[in-house]
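**Student:** Below is a structure I'd like to ask you about.
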Amino acid sequence: MIELAVNARGVGKTFPTKDGDVVALTEVELTVEAGEFVSLIGPSGCGKSTLLRLIADLDPASTGTLEIFGKPASQARVDQDYGIAFQQAGLLPWRTVAGNIALPLELHGMAKPARAARVAELAELVGLTEFVDRYPDQLSGGMQQRVAIARALAEQPRLLLMDEPFGALDEMTREYLQGELTRIAAETGAAVVFVTHSIPEAVFLSDRVVVMSPRPGRITEILSTGLDDIRDEALRESPEYFERVTAVREALHGIPVERANER
Amino acid sequence: MIELAVNARGVGKTFPTKDGDVVALTEVELTVEAGEFVSLIGPSGCGKSTLLRLIADLDPASTGTLEIFGKPASQARVDQDYGIAFQQAGLLPWRTVAGNIALPLELHGMAKPARAARVAELAELVGLTEFVDRYPDQLSGGMQQRVAIARALAEQPRLLLMDEPFGALDEMTREYLQGELTRIAAETGAAVVFVTHSIPEAVFLSDRVVVMSPRPGRITEILSTGLDDIRDEALRESPEYFERVTAVREALHGIPVERANER
Amino acid sequence: MTTTSNAVRTPPVWVRVVAPITVGVVILVIWIVAVDVVKAAPRALPSPIAITNEFVLRSGIIVEDMGITASNALIGLVAGAIVAIVLAALAATSRPVDGMLAPLVAAIAVVPIVALTPILNTMFGASSQFGRQSVAAIAAFVPVFVNVLRGLRQTRPVHRDVLRSSAATGLQTFRVLTLPTALPYLMSGLRIASSIAVIAALVAEYFGGPADGIGTAIATYAKSGRASLAFAYVAGGIAIGLVFFLVTSLLEWLVSRRKPV
Amino acid sequence: MTRQRAGIAWGALGVLAVMALWELYKALGPAEGFVVGAIAGKTGSGVMLLPRTNDRAMPHIWDMVARLFQSTSGGDTPPLIVPVVTACLTTLGIVAVGWLIGVTVGLLLGLVMQRWRLAEWGLLPWIVVSQTVPLIAFAPILASIGSQVDRAGSIPWPQWLSVAIIASYLAFFPVAVGVLRGLEAPDRIHLDLMRTYAAGYWQTLLSLRLPAAVPHLLPALRLAAASAVVGAVVAEVSIGMRGGIGRMLIQLAGQGSSDPAAPWGPTFGSIALGLVAAGTVALIGFGLRNYRRGEATS
Amino acid sequence: SAPAEDTGSASGDFEPITDISLQLQWLPQAQFAGYYVALDKGYFEDEGFDNVDIIPSGGDIVPQDALVAGDVDFAVAWVPKVLGTLEATGAELTDIAQVFQKSGTLQVSFKGDGVADVADFEGKRIGSWGFGNEWEIFAAMAADGLDASSVSITTQDFSMNALLDGDVDAAQAMTYNEWAQILEVVNPATGKLYQPGDFDVVSYEDTEGAMLQDAIWADTARLDDPAYADAAVRFLKAVTKGWIFARDNPEEAASITYDAAVNAEAAFPVGPVHQTWQMNEVNKLIWAGGDFGLVDQAAWDKTVAGALAAVNQDGINLISGEPADSAYSNEYIKKALEELAAEGMTVGGEYTPIDVVLTEGGQ
Ligand SMILES: Nc1ncnc2c1ncn2[C@@H]1O[C@H](COP(=O)(O)OP(=O)(O)OP(=O)(O)O)[C@@H](O)[C@H]1O
Ligand SMILES: Nc1ncnc2c1ncn2[C@@H]1O[C@H](COP(=O)(O)OP(=O)(O)OP(=O)(O)O)[C@@H](O)[C@H]1O
Ligand SMILES: [Mg+2]
Ligand SMILES: [Mg+2]
């Protein structure tokens, strides 16, 4: 049996607020195999970030069980089985770009020379080599996001959790980084859970696309893309690709279309 | 002569840093007519946000002259000739959604009942009616962004400055808000300067698309879309539309394509 | 305030009341053991039991003196805090004001009460409480000013931009953004200031002015071998400090705000 | 650089303005002050709102300065400024020790209270209350313990150590409170981030909480420096230590009627002392400026 | 003069004490000239002491408390303050030499303010340093049937500004210190220094409130130790010689004290003229006709009576019962005086005051 990177059974999350409980997520059944690339897609507020936070053990699940590589989420966090990029960059303002990228390496005791080399490599990857000595407040929004991506990749984790990592990037940079991400995931055999609002991006990158729906946040459909492993420019032009994109769009807009038109 | 919403002549911006000056923007010549919709598009770090901040008089231009509705940018800011939505939502954490939307109205002395009505209207517009009493930390990323959009629209300004306002929104919400934005701009005759990374979005919304390029940040091309005023679903399928999208993509990727491939 | 999984795990609320009382009891027990049982403490440190007896016996005059010192401290605290907030606001908005105030505040912060009180008493007359109130005000001014000024500079750039782009006036920005951001700092400052105001009002009594209040009594009785009576007055001073602390804590709780996301 | 120079210029202007105000008020103000609510025939009634301007209450600035260069206590004693400077240096050393002890203790208490909410709830009220215990109540006790330990012989406990400890008693307080607040200051997203790294308490402390606490820490350190100065001066007076500025202060205050400019010498001395202490802390703040990025600088 | 072994004050089966310390009750000044002279002139060495530590106060260190705690061997303190401490703490101290025979406390007011007598205090603002210095006021008032609450007591600071600025109607002053300070101030009306005639002066020595002041105290229990008792006598001998020198050479004694204060103590005393004035006034209090240091039973009883009668503004008595018999003893000073007389010294008599002209500021 293939090891499961993520195994969520009946997972739900409720936030208590002063006007009563908010059900952010309910009855989530989701498995992500090791090395598998899964995208989460769904309207704003449907619980994508919440699900990612549960997997990362940043919040405890209210119901259900959640296992990461066969162990409880909290254990996986302690074992550093994943790397995460948040929806906001979340850079430490008093550290330079290099310092921010190096943070996890530093915390986990990588020696200084090795660290410097790795940081240089990562800065190159996200196209910020010239900016390593800058502070976050001197960067553009997209640059900050790229620093956060580099930081998440720093330790080559077995599981990557990415919350709209390419949201603030232009098309070129985005496509380039999409390519790099799939390459890195393939090379390191990492599983990826990827939140995005871009249907083409989800289809292009993923083995499976998880479509979610809000109020309460839940999974409505899970689509296999069935595309083979080579993700290149040619794929973006292929008919299967368009077909999948349309399929996801339909799955996604089933209900929301009506909702939007109601107004 | 048509009044110019924005008139930038030879505008440049240099940031002093400890490793020397950073030229974020140079020689920008740009006019935006009243009621015109102009998009800024370009790779990460090319100076889009910087240009918007100059127009909004949040930073002073280093060179050139910048006039907003025929007056200096600082005067226009004081006169509240524009509304702005930032790349980060920038909500005040101690205010509720309603309180955040109401902020500019409150600052400019709108009476309480009128304010409440306007806030309700705006919350409805961005689909957050149920969330008006929530605090920002209880919202999803997309919801926060929508609050920021509502806040920018609150006073029906003559000039709207929007920095990737729809970046964190799903396709449906995004298309819905695109429609609303063009409707509002048309109704109020507002000029819009709109930063986006989505070429289709830029083309769909704009009268003209300004293509920018980095290092140093500058305008490389300005394309008129020449589409007529009706922006609807039909337009998204029309051949002119695709043609324009391709034109912008080419203008944009002229140099960057090579750059990305170099790696 | 929201609790995240990152917050230190919060014990139930009743602990909030029980914990300080427990600590107080532990201190008392150690004290009693040291003084009454082991007899290891210096003579000037009386037993809590003796102090309590004296307190009960003399509660009439002690409470009267507490009233005087507490009102001096309160007047000083309020006046000092208001002046501090106003000046800090000016300093935060205007660099010249900031520059001009900086050395003066630094100087005020370090004038010892010993030096200050006689000067103020000579300037304003030694027969009123004014000198003591001013000493308390000056003592309270410093921590509030320093903290508020720092707090006023902690607004986030993006929030400053929001307000600036709304052409908010200086006063509006102050009310809507700067003050809320600075509130936690103000609270730190007030919390420090409240106890410093009490001690300043109390110590100022040694160096002139009407022969009343807790400080005068402590000095008188400490120097005449009535350590337990002196400490009964000290307990009175502590009671004032506790009340001030509880009030500032309540204030802090009332204005506790949300953390930025 | 120009900015700093401007700061110094404004500061000098501020000092000059106060001096000018002093002399102006002295020249124009009512000699016996301005009193409201006085009851006719009852001397000393009412509240004085404006101070007296006579030479005892407000000596001329030039008299105060001139006094600094006259013999300290007649005879062939050196000019006042000499003992003032020596005394200040003596006290400064004690202040430094007191400040270090106070900052260390305050830091530890702040850390403990931030780590365990229970500790905060249990300790904080008493820490606050500790500051309302007047020095006079415990200075003699401490001096007595000190002299007993010293007499016992094994551990030397000079008098200045008692003074330093009392100074630290005042200095630890703002640090404890400031550290506690500061360590709670990081943004939630940064705490989340550290959590995803499974960073332990100490790592989070060093990489996140302490840096984020800098804006809270700096005023705390500065207040601690000021408090240490005040504490040392008062403690010198209280336990009767020789050689420091505190002793000098009360001795010259005793001559305030016949020689009103004299007490201002040590008063200015103690202020200068405090400024040196605060200036040193400001240097620390300058060194930590990267931790204050984004701080508004008007 | 005679070495310690020759004093024959004990049977000799103990190791003589050679190091002692004395706690003063204020900063070094001519009020304590006798001790500094003894140090300067080597009188202590003559009596077999190698090390004598004279510790000034001037803060919250209370001499009798330091003595009780064992921090010092002897202490100089006012009798009423010590009586209060003895009753409150139950400690035992013995007044072994009554240095000042008379009270030097004054209550000074401007002429015409109508405070010429204790009876005039009623309703007035009376200045006092407080902290134990106020008991003579209350004792005197009690004798005149006045209650502490009939006056408003204001704490004076270190200077006399409260009187000069009219913040009090009558200020407390010691003949040897604050009184001179007032007389060193220029009278704005005349342009010259204030003159004694400008003031009404109530001298407590002339009232029922008079109390004994500077005395040398020893630890009662330790006096049973022959070594300590012997040291007490030798100490008193040296001190007496110091005060005799001060009586005979007031100007030199004042300057010795002043030098000690300036050099050894790094203190900043009032100027030399002021010190001479102080020496002169202190001598008047010490040399009142009888022998040096003997406790006069009548003056003692008056002090005790005053202490029993005095009630402060909090309604608290200084003492509520007679002090123990051990509270004073003339045994040691008598022995010391006998030995000194045997050495040919004049240990009693009156002091012939000198003329001291005060200058502005006391420099
Ligand atoms: N305060 C500053 N100090 C130094 N450099 C700065 C500063 N602000 C911006 N820059 C630089 O200016 C350039 C333009 O930044 P800007 O934020 O305008 O880019 P942008 O086009 O908005 O990019 P993005 O799409 O990533 O948001 C970047 O290279 C950035 O590093
Ligand atoms: N701390 C909280 N308290 C209350 N409600 C919360 C809290 N955090 C999230 N929610 C709610 O949970 C729901 C899901 O939020 P989540 O951030 O997971 O959405 P999302 O799918 O990531 O949306 P987006 O695409 O806009 O980022 C939202 O309705 C949000 O309001
Ligand atoms: Mg999200
Ligand atoms: Mg940008």
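Each chain in the structure tokens gets a letter, A, B and so on, in the order shown; residues start at 1 in every chain, and ligands are counted from 1 in the order they appear.
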Please write out the residues within 8 Å of ligand 1 as a PyMOL selection string, counting only C-alpha atoms and all ligand atoms.
**Tutor:** (chain A and resi 131+134+137-144+168-170) or (chain B and resi 14-17+21-25+42-52+87+163+196-197+214-215+217)
**Student:** Would you pick out the contacts of Glu237 of chain A at 12 Å or less, using only C-alpha atoms, so that residues sharing its chain but fewer than 6 positions from it are not included, and give the list as a ChimeraX atom specification?
**Tutor:** /A:200,204,231,243,245
**Student:** For chain E, which of C:Thr93, C:Ser188, C:Thr122, C:Thr169 is the closest residue, counting only C-alpha atoms?
**Tutor:**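 For chain E, the nearest of the candidates is C:Thr122.
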**Student:** Could you tell me how far atom CA of Gly10 of chain B sits from atom CA of Val28 of chain B, in Å to one decimal place?
**Tutor:**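 One can read the atom CA of Val28 of chain B to atom CA of Gly10 of chain B distance as 5.0 Å.
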**Student:** Find the spatial neighbours of Ala143 of chain D, counting only C-alpha atoms, within a cut-off of 8 Å - ignore same-chain residues fewer than 3 positions away - and output them as an MDAnalysis selection string.
**Tutor:** chainID D and resid 139:140 146:147 159 162 239
**Student:** Using only all heavy atoms, please write the residues we just selected to a file, as a compact mmCIF listing (two decimals), in the first residue's frame.
**Tutor:**
# COMPACT_ATOMS: atom_id res chain seq x y z
N ALA D 139 15.32 50.06 52.71
CA ALA D 139 16.73 50.41 52.57
C ALA D 139 17.52 50.10 53.84
O ALA D 139 18.58 49.47 53.77
CB ALA D 139 16.88 51.87 52.15
N PRO D 140 17.01 50.51 55.00
CA PRO D 140 17.77 50.18 56.21
C PRO D 140 17.87 48.67 56.43
O PRO D 140 18.89 48.18 56.92
CB PRO D 140 16.96 50.83 57.33
CG PRO D 140 16.14 51.88 56.66
CD PRO D 140 15.85 51.34 55.31
N GLY D 146 23.28 43.74 54.60
CA GLY D 146 24.57 43.91 53.94
C GLY D 146 25.71 43.99 54.95
O GLY D 146 26.72 43.28 54.83
N SER D 147 25.51 44.82 55.96
CA SER D 147 26.62 44.99 56.89
C SER D 147 26.83 43.72 57.71
O SER D 147 27.94 43.39 58.10
CB SER D 147 26.40 46.22 57.78
OG SER D 147 25.43 45.95 58.75
N GLN D 159 29.09 48.91 50.84
CA GLN D 159 27.87 49.69 50.91
C GLN D 159 27.29 49.99 49.52
O GLN D 159 26.08 50.01 49.34
CB GLN D 159 28.19 51.00 51.62
CG GLN D 159 27.11 51.44 52.56
CD GLN D 159 27.52 52.71 53.29
OE1 GLN D 159 28.54 53.32 52.99
NE2 GLN D 159 26.71 53.10 54.24
N SER D 162 24.72 47.60 48.25
CA SER D 162 23.35 47.83 48.73
C SER D 162 22.68 48.89 47.87
O SER D 162 21.51 48.75 47.48
CB SER D 162 23.35 48.27 50.18
OG SER D 162 23.96 47.31 50.99
N ILE D 239 20.72 55.21 52.72
CA ILE D 239 21.59 54.43 53.58
C ILE D 239 22.87 55.18 53.90
O ILE D 239 23.79 54.63 54.50
CB ILE D 239 21.90 53.03 53.00
CG1 ILE D 239 22.83 53.12 51.81
CG2 ILE D 239 20.64 52.31 52.61
CD1 ILE D 239 23.26 51.73 51.39
**Student:** Any idea which chain D residues end up within 12 Å of chain B if we count only C-alpha atoms, as a compact mmCIF listing (two decimals) with N, CA and C atoms, in the first residue's frame please?
**Tutor:**
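Written output follows (result-v7.txt):
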# COMPACT_ATOMS: atom_id res chain seq x y z
N ASP D 187 3.20 39.16 15.40
CA ASP D 187 1.99 38.93 14.63
C ASP D 187 1.64 37.45 14.66
N ARG D 188 0.36 37.20 14.46
CA ARG D 188 -0.08 35.82 14.53
C ARG D 188 0.56 34.98 13.43
N ILE D 189 0.69 35.59 12.26
CA ILE D 189 1.23 34.81 11.14
C ILE D 189 2.66 34.36 11.42
**Student:** Write down, as an mmCIF file with C-alpha atoms, in the first residue's frame, each residue of chain C that has any atom within 6 Å of an atom of chain D, counting only C-alpha atoms.
**Tutor:**
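The result, written out as out_15.cif:
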data_model
loop_
_atom_site.group_PDB
_atom_site.id
_atom_site.type_symbol
_atom_site.label_atom_id
_atom_site.label_comp_id
_atom_site.auth_asym_id
_atom_site.auth_seq_id
_atom_site.Cartn_x
_atom_site.Cartn_y
_atom_site.Cartn_z
ATOM 1 C CA ARG C 16 -6.666 34.651 37.765
ATOM 2 C CA ALA C 19 -3.011 32.782 41.672
ATOM 3 C CA PRO C 20 -2.009 36.185 43.037
ATOM 4 C CA VAL C 23 1.557 33.965 45.788
ATOM 5 C CA ALA C 44 13.705 46.600 61.138
ATOM 6 C CA THR C 93 3.657 64.394 14.634
ATOM 7 C CA PRO C 96 10.980 69.770 15.938
ATOM 8 C CA GLY C 99 13.703 67.119 19.134
ATOM 9 C CA MET C 100 13.004 69.893 21.602
ATOM 10 C CA PRO C 103 16.448 66.281 26.200
ATOM 11 C CA ALA C 107 16.212 65.270 32.114
ATOM 12 C CA ALA C 109 13.042 61.366 33.896
ATOM 13 C CA VAL C 110 16.174 61.375 35.988
ATOM 14 C CA VAL C 111 15.721 64.248 38.411
ATOM 15 C CA PRO C 112 15.589 62.387 41.689
ATOM 16 C CA THR C 122 10.100 76.305 47.436
ATOM 17 C CA MET C 123 8.574 77.339 44.141
ATOM 18 C CA PHE C 124 4.978 76.494 44.940
ATOM 19 C CA VAL C 146 8.148 57.283 26.692
ATOM 20 C CA ARG C 153 5.328 55.092 16.013
ATOM 21 C CA GLN C 154 4.169 51.490 15.711
ATOM 22 C CA SER C 195 2.651 52.544 40.890
ATOM 23 C CA ILE C 199 5.581 55.894 45.390
ATOM 24 C CA ILE C 238 0.589 48.779 49.042
ATOM 25 C CA GLY C 241 -0.845 50.546 44.751
#
**Student:** Write out as a ChimeraX atom specification which residues come within 12 Å of Gly189 of chain C when counting only C-alpha atoms, dropping same-chain ones fewer than 6 positions away.
**Tutor:** /C:77,80-81,84-85,139-151,182-183,195-197,245,248-249,252 /D:173-175,177-178,181,216,219-220,223
**Student:** Okay, now the selection with N, CA and C atoms, as a CSV table (one decimal), in the first residue's frame?
**Tutor:**
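Wrote it out as again-v5.csv, contents follow:
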chain,number,residue,atom,x,y,z
C,77,LEU,N,-1.2,61.3,38.8
C,77,LEU,CA,-1.2,60.3,37.7
C,77,LEU,C,-2.1,60.8,36.5
C,80,GLY,N,-0.3,64.0,35.0
C,80,GLY,CA,0.9,63.6,34.3
C,80,GLY,C,0.6,62.8,33.0
C,81,ALA,N,-0.4,61.9,33.1
C,81,ALA,CA,-0.7,61.0,31.9
C,81,ALA,C,-1.3,61.9,30.8
C,84,ALA,N,1.4,63.9,29.3
C,84,ALA,CA,2.3,63.0,28.6
C,84,ALA,C,1.7,62.6,27.2
C,85,ILE,N,0.4,62.3,27.2
C,85,ILE,CA,-0.2,61.8,26.0
C,85,ILE,C,-0.2,63.0,25.0
C,139,ALA,N,6.6,62.2,37.9
C,139,ALA,CA,7.0,60.8,37.9
C,139,ALA,C,6.1,60.0,37.0
C,140,ALA,N,4.8,60.2,37.0
C,140,ALA,CA,3.9,59.5,36.1
C,140,ALA,C,4.1,59.8,34.6
C,141,PHE,N,4.4,61.1,34.4
C,141,PHE,CA,4.6,61.6,33.1
C,141,PHE,C,5.6,60.8,32.3
C,142,VAL,N,6.7,60.5,32.9
C,142,VAL,CA,7.8,59.9,32.1
C,142,VAL,C,7.5,58.6,31.5
C,143,PRO,N,7.0,57.6,32.3
C,143,PRO,CA,6.8,56.3,31.6
C,143,PRO,C,5.6,56.4,30.6
C,144,VAL,N,4.7,57.2,30.9
C,144,VAL,CA,3.6,57.3,29.9
C,144,VAL,C,4.1,58.0,28.6
C,145,PHE,N,4.9,59.0,28.8
C,145,PHE,CA,5.4,59.7,27.6
C,145,PHE,C,6.3,58.8,26.7
C,146,VAL,N,7.2,58.1,27.4
C,146,VAL,CA,8.1,57.3,26.7
C,146,VAL,C,7.4,56.2,26.0
C,147,ASN,N,6.5,55.5,26.7
C,147,ASN,CA,5.8,54.4,26.1
C,147,ASN,C,4.8,54.8,25.0
C,148,VAL,N,4.1,55.9,25.2
C,148,VAL,CA,3.2,56.4,24.2
C,148,VAL,C,3.9,56.8,23.0
C,149,LEU,N,5.0,57.5,23.2
C,149,LEU,CA,5.7,58.0,22.0
C,149,LEU,C,6.2,56.8,21.1
C,150,ARG,N,6.7,55.8,21.8
C,150,ARG,CA,7.1,54.6,21.1
C,150,ARG,C,5.9,54.0,20.4
C,151,GLY,N,4.8,53.9,21.1
C,151,GLY,CA,3.6,53.2,20.6
C,151,GLY,C,3.0,54.0,19.4
C,182,ALA,N,-1.4,52.6,19.6
C,182,ALA,CA,-0.5,52.9,20.7
C,182,ALA,C,-1.1,52.5,22.1
C,183,LEU,N,-2.4,52.1,22.0
C,183,LEU,CA,-3.1,51.8,23.3
C,183,LEU,C,-2.4,50.8,24.1
C,195,SER,N,2.0,52.8,39.6
C,195,SER,CA,2.7,52.5,40.9
C,195,SER,C,3.8,53.6,41.2
C,196,ILE,N,4.3,54.1,40.1
C,196,ILE,CA,5.4,55.1,40.3
C,196,ILE,C,4.8,56.4,40.9
C,197,ALA,N,3.6,56.7,40.5
C,197,ALA,CA,2.9,57.9,41.0
C,197,ALA,C,2.7,57.7,42.5
C,245,PHE,N,-3.4,49.4,40.5
C,245,PHE,CA,-3.1,48.3,39.6
C,245,PHE,C,-4.3,47.7,39.0
C,248,THR,N,-5.9,50.0,36.5
C,248,THR,CA,-5.3,50.1,35.2
C,248,THR,C,-5.5,48.7,34.5
C,249,SER,N,-5.5,47.6,35.2
C,249,SER,CA,-5.7,46.3,34.6
C,249,SER,C,-7.1,46.3,33.9
C,252,GLU,N,-7.1,48.2,30.8
C,252,GLU,CA,-6.4,47.5,29.8
C,252,GLU,C,-7.3,46.5,29.2
D,173,PHE,N,11.6,46.8,37.2
D,173,PHE,CA,10.1,46.9,37.1
D,173,PHE,C,9.7,47.2,35.6
D,174,PRO,N,10.2,48.4,35.1
D,174,PRO,CA,9.7,48.6,33.7
D,174,PRO,C,10.2,47.6,32.7
D,175,VAL,N,11.3,46.9,33.0
D,175,VAL,CA,11.8,45.9,32.1
D,175,VAL,C,10.9,44.7,32.2
D,177,VAL,N,7.7,44.5,33.0
D,177,VAL,CA,6.4,44.8,32.3
D,177,VAL,C,6.6,44.9,30.8
D,178,GLY,N,7.7,45.6,30.4
D,178,GLY,CA,7.9,45.8,29.0
D,178,GLY,C,8.2,44.5,28.2
D,181,ARG,N,5.0,42.5,27.8
D,181,ARG,CA,4.1,43.0,26.7
D,181,ARG,C,4.8,42.7,25.4
D,216,HIS,N,9.1,47.4,22.4
D,216,HIS,CA,8.6,47.5,23.8
D,216,HIS,C,9.8,47.6,24.7
D,219,PRO,N,11.9,51.4,25.3
D,219,PRO,CA,11.5,52.3,26.3
D,219,PRO,C,11.7,51.7,27.7
D,220,ALA,N,11.5,50.4,27.8
D,220,ALA,CA,11.7,49.8,29.1
D,220,ALA,C,13.1,50.0,29.6
D,223,LEU,N,13.6,53.6,30.6
D,223,LEU,CA,13.0,53.9,31.9
D,223,LEU,C,13.8,53.2,33.0
**Student:** Measuring between only C-alpha atoms, which one of C:Ala204, C:Ala232, C:Leu171, C:Ala222 shows the shortest distance to chain B?
**Tutor:**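 Nearest to chain B: C:Leu171.
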**Student:** Please indicate the distance in Å from atom CA of Ile96 of chain E to atom CA of Gln29 of chain E, rounded to one decimal place.
**Tutor:**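 So the two atoms, atom CA of Ile96 of chain E and atom CA of Gln29 of chain E, lie 22.1 Å apart.
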**Student:** Per DSSP on the backbone, filter segment 81-135 of chain B down to the residues in helix (DSSP H, G or I) and report them as a list in words.
**Tutor:** Val97, Ala98, Gly99, Asn100, Ile101, Ala102, Leu103, Pro104, Leu105, Glu106, Leu107, Lys112, Pro113, Ala114, Arg115, Ala116, Ala117, Arg118, Val119, Ala120, Glu121, Leu122, Ala123, Glu124, Leu125, Thr129, Glu130 and Phe131 of chain B
**Student:** Here is a test: counting only C-alpha atoms, which residue of D:Lys26, D:Arg247, D:Arg5, D:His60 is nearest to chain E?
**Tutor:**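 Using only C-alpha atoms, the shortest distance to chain E belongs to D:Arg247.
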**Student:** Pull out every residue of chain B that has at least one atom within 6 Å of chain C, counting only C-alpha atoms, and report them as a VMD selection string.
**Tutor:** chain B and resid 77 to 78 90 93 to 94 137
**Student:** Restrict the distance test to only C-alpha atoms, flag each residue of chain E within 9 Å of chain D, and return the flagged residues as an NGL selection string.
**Tutor:** :E and (27 or 55-62 or 66 or 69-71 or 125 or 157-161 or 164-169 or 178 or 181-186 or 262 or 265-273 or 360-363)
**Student:** Could you pull out all residues of segment 20-207 of chain A with a DSSP call of strand (DSSP E or B) and give them as a ChimeraX atom specification?
**Tutor:** /A:20-33,37-41,63-68,71-72,82-85,159-163,191-195
